[in-house]
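Q: Mind looking over this structure? Questions follow.
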Protein chains: 2
Amino acid sequence: MKIVITTYPFGLHDPRPTEKLKGFDVSFNDIGMKYDKETLCNILKKKQPDIIIAGTENYTPDVLDLVPNLKMISRVGIGLDGIDFGECKKRNILVTYTPDAPTNAVVELTILQILNMLRKIQQVHMSVSAYYKWNRYVGKELRDCIVGIIGCGRIGTGVIRVLNGFGVRKIFINDILPGKMFETVNVTPTTCKDIYATCDIISLHIPLKDQFVNNTDFVDYDNLICMKQDVRLLNMSRGGIINESALYMWLKDHKKACAAIDSFDTEPYEGKLRELGNAYLTPHLGSCTFTSRLDMELGAAEEVVRFINHIEPINKVI
Amino acid sequence: MKIVITTYPFGLHDPRPTEKLKGFDVSFNDIGMKYDKETLCNILKKKQPDIIIAGTENYTPDVLDLVPNLKMISRVGIGLDGIDFGECKKRNILVTYTPDAPTNAVVELTILQILNMLRKIQQVHMSVSAYYKWNRYVGKELRDCIVGIIGCGRIGTGVIRVLNGFGVRKIFINDILPGKMFETVNVTPTTCKDIYATCDIISLHIPLKDQFVNNTDFVDYDNLICMKQDVRLLNMSRGGIINESALYMWLKDHKKACAAIDSFDTEPYEGKLRELGNAYLTPHLGSCTFTSRLDMELGAAEEVVRFINHIEPINKVI
């Protein structure tokens with residue numbers, strides 16, 4: 001069985017995920033960053049894997065056509081938007097993922113970026129470096145804010161738990177599955193429209209696409225202009241959930257508003273949001289902690305070993 | 001009664017504190033920053049106030065000599081290190097402060113800087129601006145850390161409350177008054193020596209000086225070298241508690257360690273810590289939120305009005 005690891009990093013900070021795959025024919029991503037489509041196709045064509053340990057690359061029919069032997073995609077992470085489920089099913093390709101591993105790392109980045117935006121820390125950091133200025137920016141306290149959480153799955157409920165530790169005044173929530181809200185306390189279910197109109201902080205914790213939903217352009221210009229002038233908006237989920245061009249236009253004209261974005265339509269991101277002081281950009285750091293990476297990589301490697309040994313997978317998608 | 005407001009800002013973001021003082025002879029700090037000693041002395045000599053609404057300036061005997069009519073110092077904020085209590089007592093000058101107002105703002109900045117250091121967000125922000133690089137820094141999760149809190153007063157206990165919301169693994173605490181710890185849950189009292197040796201994060205929430213203690217150089221080079229190689233150290237309290245030159249030398253030689261410093265020996269700070277990527281510096285932002293500033297300024301103004309109307313002060317220091 002030939003295993004190709006397309007994601008990067010893998011086994012970089014802890015040897016255990018690589019050790020799990022000892023004895024198998026494994027090749028690693030050696031360019032140190034996410035493959036673009038051309039590189040991915042070249043690698044797959046050349047290596048002809050039976051199993052891919054995948055990152056966020058897109059596995060569309062034309063890519064899958066290049067690997068007729070492929071039997072399994074073991075996704076390091078949770079987002080499944082890059083995978084064409086229908087095609088994988090048709091071709092009898094098993095897809096697994098590691099849905100629990102990144103949860104806490106993303107929760108902590110979300111809280112971090114909420115606080116950063118409230119205290120203008122990006123502006124502070126900029127002024128600290130080359131030309132330190134003693135600008136005592138007056139910020140806002142999280143405790144005083146009304147927070148809206150859209151999507152109350154693993155990450156959304158984790159964020160709510162921490163927000164309660166801060167004693168946040170009011171938390172509005174919205175989820176397509178009302179039953180999911182049972183794990184949250186001190187929250188008020190409401191519509192997205194009401195969240196847009198009333199919240200000081202709005203954080204999205206929904207998938208871009210999976211077997212059941214397509215949340216592309218979930219937040220578009222029409223929604224953005226309904227938000228408060230000084231709203232802090234977060235997308236720590238997936239690029240595409242907030243329309244990037246609409247966000248750029250809106251942030252440019254609404255300097256008091258602020259958005260923290262961790263993932264983008266195309267990564268590495270090279271777009272226009274980089275020009276804006278009120279865009280707090282991070283390079284898809286959500287899951288980038290030692291614990292989360294280890295759990296994701298180990299989880300993905302273990303699914304591969306299970307598959308090879310004909311053992312039932314733990315987190316099978318299709 | 002002549003009132004001189006030396007602190008800045010005052011009444012800038014909300015008119016209510018200034019409105020409280022309507023009808024009195026009030027002058028404001030119009031240079032938009034903290035007075036240096038020379039400016040302070042010139043202003044005081046010229047204005048001859050009965051009452052000072054003060055920031056963190058130093059009121060030493062030679063400064064007090066310039067204002068023989070002074071009857072009250074109403075401190076906007078909590079730190080009292082700048083005030084010579086013996087001299088004020090001798091001269092029959094009432095000193096009040098606003099100890100509760102900044103608590104939550106400082107708690108939130110502390111948590112923010114802990115998370116920033118764990119995820120290397122300063123480096124991310126630097127790379128985002130001029131030359132955005134797709135560096136997926138792998139960080140550490142707060143939940144996995146052992147945290148040491150030295151000083152369990154208003155702010156220290158607030159920090160512990162929020163840390164518990166994050167589900168932090170272990171919290172060690174130390175306070176000179178063991179009785180103060182009753183308000184904290186899930187904590188283990190221990191010595192400072194043990195905190196230095198075992199904690200991943202160490203945050204100081206002690207005064208520099210007050211009537212009872214002098215914590216100058218509380219953390220010196222000898223203490224720093226006992227800490228973990230990748231410790232995250234915070235001083236959101238007062239400059240001087242961690243010796244600045246020792247901290248510079250130590251951070252320079254220990255690149256995996258990191259310190260977040262919000263207040264300095266001399267402010268505005270222009271020292272060598274600015275050269276270091278592992279020094280997360282903020283310009284004394286602890287209390288800089290709208291709520292905290294409003295509560296501090298309003299509290300200080302109300303103490304002045306009480307004094308003028310011969311009503312007992314609420315937060316009298318001496």
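How things are named: the first chain in the structure tokens is A, the next is B, and so on; residues count from 1 in each chain; ligands count from 1 in the order shown.
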Once chain A has been least-squares superposed onto chain B, matching all their Cα atoms in order, can you return it as a compact mmCIF listing (two decimals) with C-alpha atoms, in the first residue's frame?

A:
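Okay, selection_5.txt is ready:
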```txt
# COMPACT_ATOMS: atom_id res chain seq x y z
CA MET A 1 -11.45 75.19 45.07
CA LYS A 2 -9.03 74.87 42.14
CA ILE A 3 -8.94 71.41 40.53
CA VAL A 4 -6.08 70.34 38.26
CA ILE A 5 -6.52 67.15 36.22
CA THR A 6 -3.05 65.84 35.44
CA THR A 7 -4.10 62.47 34.00
CA TYR A 8 -4.85 61.89 30.32
CA PRO A 9 -7.36 60.98 28.92
CA PHE A 10 -10.11 62.41 31.13
CA GLY A 11 -13.69 62.85 29.89
CA LEU A 12 -12.50 62.21 26.36
CA HIS A 13 -14.73 59.27 25.47
CA ASP A 14 -17.67 60.06 27.72
CA PRO A 15 -18.73 63.49 28.98
CA ARG A 16 -20.06 62.31 32.36
CA PRO A 17 -16.85 62.62 34.43
CA THR A 18 -16.36 66.22 33.23
CA GLU A 19 -20.04 67.01 33.82
CA LYS A 20 -19.64 65.91 37.46
CA LEU A 21 -17.13 68.75 37.91
CA LYS A 22 -19.29 71.41 36.26
CA GLY A 23 -19.26 74.69 38.14
CA PHE A 24 -15.81 74.13 39.61
CA ASP A 25 -12.54 75.72 38.47
CA VAL A 26 -11.05 72.82 36.53
CA SER A 27 -8.04 72.61 34.20
CA PHE A 28 -7.19 69.64 32.00
CA ASN A 29 -4.04 67.95 30.70
CA ASP A 30 -3.90 69.40 27.20
CA ILE A 31 -0.70 67.75 25.95
CA GLY A 32 -2.45 64.42 25.37
CA MET A 33 0.05 62.26 27.26
CA LYS A 34 1.54 61.59 30.69
CA TYR A 35 3.42 64.61 32.08
CA ASP A 36 7.12 64.21 32.65
CA LYS A 37 8.37 65.56 35.96
CA GLU A 38 9.38 68.97 34.59
CA THR A 39 6.01 69.58 32.91
CA LEU A 40 4.14 68.38 36.01
CA CYS A 41 6.12 70.75 38.24
CA ASN A 42 5.58 73.71 35.91
CA ILE A 43 1.84 73.10 35.72
CA LEU A 44 1.47 72.68 39.49
CA LYS A 45 3.57 75.73 40.27
CA LYS A 46 1.50 77.84 37.89
CA LYS A 47 -1.97 76.52 38.79
CA GLN A 48 -1.59 76.06 42.56
CA PRO A 49 -4.41 73.47 42.86
CA ASP A 50 -6.36 72.57 45.98
CA ILE A 51 -7.21 69.23 44.43
CA ILE A 52 -5.35 67.08 41.91
CA ILE A 53 -7.11 64.41 39.85
CA ALA A 54 -4.00 62.35 39.25
CA GLY A 55 -2.65 59.63 36.98
CA THR A 56 0.54 57.66 37.62
CA GLU A 57 2.82 60.70 38.10
CA ASN A 58 5.07 60.74 41.13
CA TYR A 59 4.12 62.91 44.09
CA THR A 60 7.38 63.07 45.97
CA PRO A 61 8.13 65.65 48.72
CA ASP A 62 9.78 68.09 46.27
CA VAL A 63 6.69 68.03 44.05
CA LEU A 64 4.36 68.41 47.02
CA ASP A 65 6.45 71.39 48.17
CA LEU A 66 5.27 73.24 45.05
CA VAL A 67 1.60 73.03 46.03
CA PRO A 68 1.21 74.24 49.62
CA ASN A 69 -2.60 74.57 49.19
CA LEU A 70 -3.05 70.93 48.15
CA LYS A 71 -5.78 69.20 50.18
CA MET A 72 -6.57 66.14 48.10
CA ILE A 73 -5.12 63.75 45.51
CA SER A 74 -7.90 61.81 43.78
CA ARG A 75 -6.15 59.01 41.88
CA VAL A 76 -7.78 57.83 38.65
CA GLY A 77 -6.87 54.14 38.90
CA ILE A 78 -5.43 51.77 41.43
CA GLY A 79 -1.60 51.83 41.63
CA LEU A 80 -0.37 54.03 44.45
CA ASP A 81 3.38 53.65 43.96
CA GLY A 82 3.80 57.27 42.85
CA ILE A 83 2.46 58.69 46.08
CA ASP A 84 4.53 59.35 49.18
CA PHE A 85 2.06 58.39 51.88
CA GLY A 86 4.13 59.64 54.81
CA GLU A 87 4.44 63.09 53.28
CA CYS A 88 0.74 63.26 52.36
CA LYS A 89 -0.23 62.28 55.91
CA LYS A 90 2.13 64.87 57.37
CA ARG A 91 0.71 67.57 55.11
CA ASN A 92 -2.87 66.43 55.80
CA ILE A 93 -3.56 65.62 52.13
CA LEU A 94 -6.45 63.21 51.57
CA VAL A 95 -5.64 60.45 49.04
CA THR A 96 -8.42 58.48 47.32
CA TYR A 97 -8.33 55.97 44.46
CA THR A 98 -10.65 53.82 42.31
CA PRO A 99 -9.52 50.28 43.04
CA ASP A 100 -12.39 48.35 41.45
CA ALA A 101 -12.78 50.21 38.16
CA PRO A 102 -9.86 48.74 36.15
CA THR A 103 -10.17 45.13 37.35
CA ASN A 104 -11.99 43.51 34.44
CA ALA A 105 -10.11 45.48 31.77
CA VAL A 106 -6.79 44.25 33.18
CA VAL A 107 -8.08 40.69 33.52
CA GLU A 108 -9.07 40.66 29.84
CA LEU A 109 -5.73 42.14 28.70
CA THR A 110 -3.90 39.50 30.75
CA ILE A 111 -5.80 36.62 29.13
CA LEU A 112 -5.36 38.26 25.73
CA GLN A 113 -1.60 38.53 26.07
CA ILE A 114 -1.32 34.97 27.44
CA LEU A 115 -3.11 33.71 24.31
CA ASN A 116 -1.10 36.03 22.03
CA MET A 117 2.18 34.69 23.37
CA LEU A 118 0.99 31.08 23.11
CA ARG A 119 0.06 31.54 19.44
CA LYS A 120 2.88 33.98 18.50
CA ILE A 121 0.39 36.54 17.27
CA GLN A 122 2.86 39.43 17.41
CA GLN A 123 5.01 37.63 14.82
CA VAL A 124 1.87 36.96 12.78
CA HIS A 125 0.83 40.62 12.89
CA MET A 126 4.29 41.76 11.89
CA SER A 127 4.31 39.46 8.89
CA VAL A 128 0.76 40.39 7.90
CA SER A 129 1.41 44.09 7.37
CA ALA A 130 4.09 45.01 4.87
CA TYR A 131 5.11 41.56 3.71
CA TYR A 132 2.45 39.02 4.54
CA LYS A 133 3.94 35.60 4.87
CA TRP A 134 2.01 32.40 5.15
CA ASN A 135 3.77 31.25 8.31
CA ARG A 136 1.58 28.72 10.07
CA TYR A 137 3.15 29.12 13.51
CA VAL A 138 2.43 26.11 15.67
CA GLY A 139 1.44 27.32 19.11
CA LYS A 140 0.47 25.95 22.48
CA GLU A 141 -2.99 25.62 23.97
CA LEU A 142 -3.79 27.48 27.18
CA ARG A 143 -5.78 24.47 28.38
CA ASP A 144 -2.61 22.35 28.36
CA CYS A 145 -0.58 24.83 30.44
CA ILE A 146 0.31 25.06 34.08
CA VAL A 147 -0.37 28.66 35.08
CA GLY A 148 1.12 30.50 38.06
CA ILE A 149 -0.65 33.55 39.46
CA ILE A 150 1.34 35.67 41.91
CA GLY A 151 -0.97 38.05 43.71
CA CYS A 152 -4.58 37.02 44.26
CA GLY A 153 -6.30 40.33 44.78
CA ARG A 154 -9.08 41.72 42.57
CA ILE A 155 -7.20 41.13 39.31
CA GLY A 156 -5.48 37.85 40.16
CA THR A 157 -8.74 36.21 41.23
CA GLY A 158 -10.46 37.58 38.10
CA VAL A 159 -7.77 36.01 35.92
CA ILE A 160 -8.20 32.69 37.73
CA ARG A 161 -11.97 32.76 37.16
CA VAL A 162 -11.48 33.16 33.39
CA LEU A 163 -8.69 30.55 33.28
CA ASN A 164 -11.12 28.06 34.80
CA GLY A 165 -13.51 28.83 31.91
CA PHE A 166 -10.74 27.70 29.55
CA GLY A 167 -10.38 24.45 31.49
CA VAL A 168 -6.73 25.14 32.33
CA ARG A 169 -4.95 22.03 33.58
CA LYS A 170 -3.41 23.38 36.77
CA ILE A 171 -3.27 26.78 38.46
CA PHE A 172 -0.68 27.52 41.13
CA ILE A 173 -1.18 30.62 43.24
CA ASN A 174 0.83 32.68 45.68
CA ASP A 175 -0.22 35.63 47.81
CA ILE A 176 1.26 37.26 50.88
CA LEU A 177 -2.17 37.14 52.49
CA PRO A 178 -3.27 33.48 52.49
CA GLY A 179 -6.78 34.52 53.48
CA LYS A 180 -7.27 36.21 50.13
CA MET A 181 -7.28 32.91 48.30
CA PHE A 182 -10.72 31.90 49.51
CA GLU A 183 -12.43 33.31 46.44
CA THR A 184 -10.51 31.11 44.01
CA VAL A 185 -11.40 27.59 42.91
CA ASN A 186 -9.32 24.82 41.33
CA VAL A 187 -6.07 26.37 42.53
CA THR A 188 -3.07 25.09 44.49
CA PRO A 189 -1.25 27.52 46.80
CA THR A 190 2.51 27.19 46.54
CA THR A 191 5.77 29.14 46.85
CA CYS A 192 7.03 31.61 44.24
CA LYS A 193 10.08 29.38 43.85
CA ASP A 194 7.88 26.45 42.83
CA ILE A 195 5.88 28.67 40.47
CA TYR A 196 9.11 29.80 38.76
CA ALA A 197 10.32 26.22 38.39
CA THR A 198 7.14 24.54 37.15
CA CYS A 199 4.79 26.95 35.36
CA ASP A 200 4.37 27.45 31.62
CA ILE A 201 2.74 30.82 32.23
CA ILE A 202 3.52 33.18 35.13
CA SER A 203 1.47 36.32 35.69
CA LEU A 204 2.19 38.93 38.36
CA HIS A 205 -0.72 40.79 39.93
CA ILE A 206 0.92 42.56 42.87
CA PRO A 207 1.35 46.27 43.61
CA LEU A 208 4.76 47.90 43.17
CA LYS A 209 4.53 49.81 46.43
CA ASP A 210 1.80 50.73 48.83
CA GLN A 211 1.59 51.46 52.54
CA PHE A 212 2.51 47.87 53.34
CA VAL A 213 4.88 46.42 50.73
CA ASN A 214 7.66 47.30 48.33
CA ASN A 215 7.85 44.87 45.41
CA THR A 216 10.59 46.65 43.44
CA ASP A 217 12.66 44.00 41.58
CA PHE A 218 10.34 41.27 42.86
CA VAL A 219 11.50 39.27 39.82
CA ASP A 220 15.22 39.66 39.18
CA TYR A 221 17.72 37.80 36.99
CA ASP A 222 18.17 35.11 39.66
CA ASN A 223 14.45 34.34 39.45
CA LEU A 224 14.26 34.53 35.66
CA ILE A 225 16.94 31.89 35.15
CA CYS A 226 14.93 29.48 37.33
CA MET A 227 12.01 29.60 34.90
CA LYS A 228 11.23 27.15 32.08
CA GLN A 229 12.99 27.72 28.75
CA ASP A 230 9.68 28.49 27.02
CA VAL A 231 7.90 30.26 29.88
CA ARG A 232 5.43 33.04 29.12
CA LEU A 233 5.82 35.76 31.74
CA LEU A 234 3.43 38.67 32.25
CA ASN A 235 3.58 41.97 34.07
CA MET A 236 0.29 43.80 33.65
CA SER A 237 0.78 45.44 37.06
CA ARG A 238 3.53 48.01 37.40
CA GLY A 239 6.95 48.68 35.92
CA GLY A 240 9.72 47.82 38.35
CA ILE A 241 8.18 44.60 39.65
CA ILE A 242 10.29 42.75 37.09
CA ASN A 243 13.74 44.32 36.81
CA GLU A 244 13.80 45.73 33.27
CA SER A 245 17.52 45.29 32.53
CA ALA A 246 17.50 41.74 33.88
CA LEU A 247 14.44 40.96 31.74
CA TYR A 248 16.13 42.35 28.64
CA MET A 249 19.30 40.32 29.19
CA TRP A 250 17.37 37.15 29.91
CA LEU A 251 14.93 37.46 26.96
CA LYS A 252 17.82 38.18 24.63
CA ASP A 253 19.51 34.92 25.60
CA HIS A 254 16.32 32.83 25.89
CA LYS A 255 14.52 33.20 22.58
CA LYS A 256 11.94 30.52 23.38
CA ALA A 257 10.79 32.46 26.43
CA CYS A 258 8.46 35.37 26.01
CA ALA A 259 7.28 38.25 28.17
CA ALA A 260 4.26 40.54 27.91
CA ILE A 261 4.85 43.86 29.61
CA ASP A 262 2.26 46.61 29.92
CA SER A 263 3.97 49.04 32.26
CA PHE A 264 7.50 50.31 32.59
CA ASP A 265 9.96 52.08 34.88
CA THR A 266 9.68 55.21 32.72
CA GLU A 267 6.68 55.91 30.52
CA PRO A 268 6.35 56.50 27.59
CA TYR A 269 8.78 53.58 27.32
CA GLU A 270 11.74 54.01 24.98
CA GLY A 271 14.01 51.25 26.18
CA LYS A 272 15.74 48.24 24.72
CA LEU A 273 12.96 45.68 25.13
CA ARG A 274 11.53 47.18 21.93
CA GLU A 275 14.33 45.45 20.00
CA LEU A 276 13.16 41.96 20.98
CA GLY A 277 10.64 39.83 19.07
CA ASN A 278 9.90 37.87 22.24
CA ALA A 279 8.86 40.98 24.20
CA TYR A 280 5.15 41.67 23.74
CA LEU A 281 4.88 45.32 24.72
CA THR A 282 1.73 47.35 25.20
CA PRO A 283 1.62 51.04 26.15
CA HIS A 284 0.06 50.73 29.64
CA LEU A 285 -3.24 49.59 28.15
CA GLY A 286 -4.41 47.62 31.18
CA SER A 287 -7.13 50.00 32.21
CA CYS A 288 -7.74 51.44 28.73
CA THR A 289 -11.28 50.38 28.02
CA PHE A 290 -14.30 52.64 27.77
CA THR A 291 -15.95 51.03 30.80
CA SER A 292 -12.84 51.06 32.94
CA ARG A 293 -11.87 54.63 32.04
CA LEU A 294 -15.43 55.80 32.66
CA ASP A 295 -15.65 54.05 36.03
CA MET A 296 -12.21 55.33 37.07
CA GLU A 297 -12.77 58.92 35.94
CA LEU A 298 -16.29 59.05 37.31
CA GLY A 299 -15.14 57.49 40.58
CA ALA A 300 -12.30 60.00 40.93
CA ALA A 301 -14.59 62.95 40.08
CA GLU A 302 -17.20 61.77 42.57
CA GLU A 303 -14.61 61.57 45.36
CA VAL A 304 -13.68 65.18 44.59
CA VAL A 305 -17.32 66.30 44.75
CA ARG A 306 -17.76 64.41 48.02
CA PHE A 307 -14.68 66.07 49.48
CA ILE A 308 -15.85 69.55 48.50
CA ASN A 309 -19.27 68.81 50.02
CA HIS A 310 -17.69 67.44 53.24
CA ILE A 311 -18.99 63.92 52.59
CA GLU A 312 -16.94 60.89 53.68
CA PRO A 313 -14.89 59.41 50.76
CA ILE A 314 -15.70 55.88 49.56
CA ASN A 315 -12.17 54.77 48.68
CA LYS A 316 -9.84 56.61 51.00
CA VAL A 317 -6.21 55.44 51.02
CA ILE A 318 -4.95 57.78 53.75
```

Q: What parts of segment 106-264 of chain B does DSSP call helix (DSSP H, G or I)? I'd like the answer as a PyMOL selection string.

A: chain B and resi 106-119+121-128+142-144+154-165+178-183+192-198+221-224+244-253
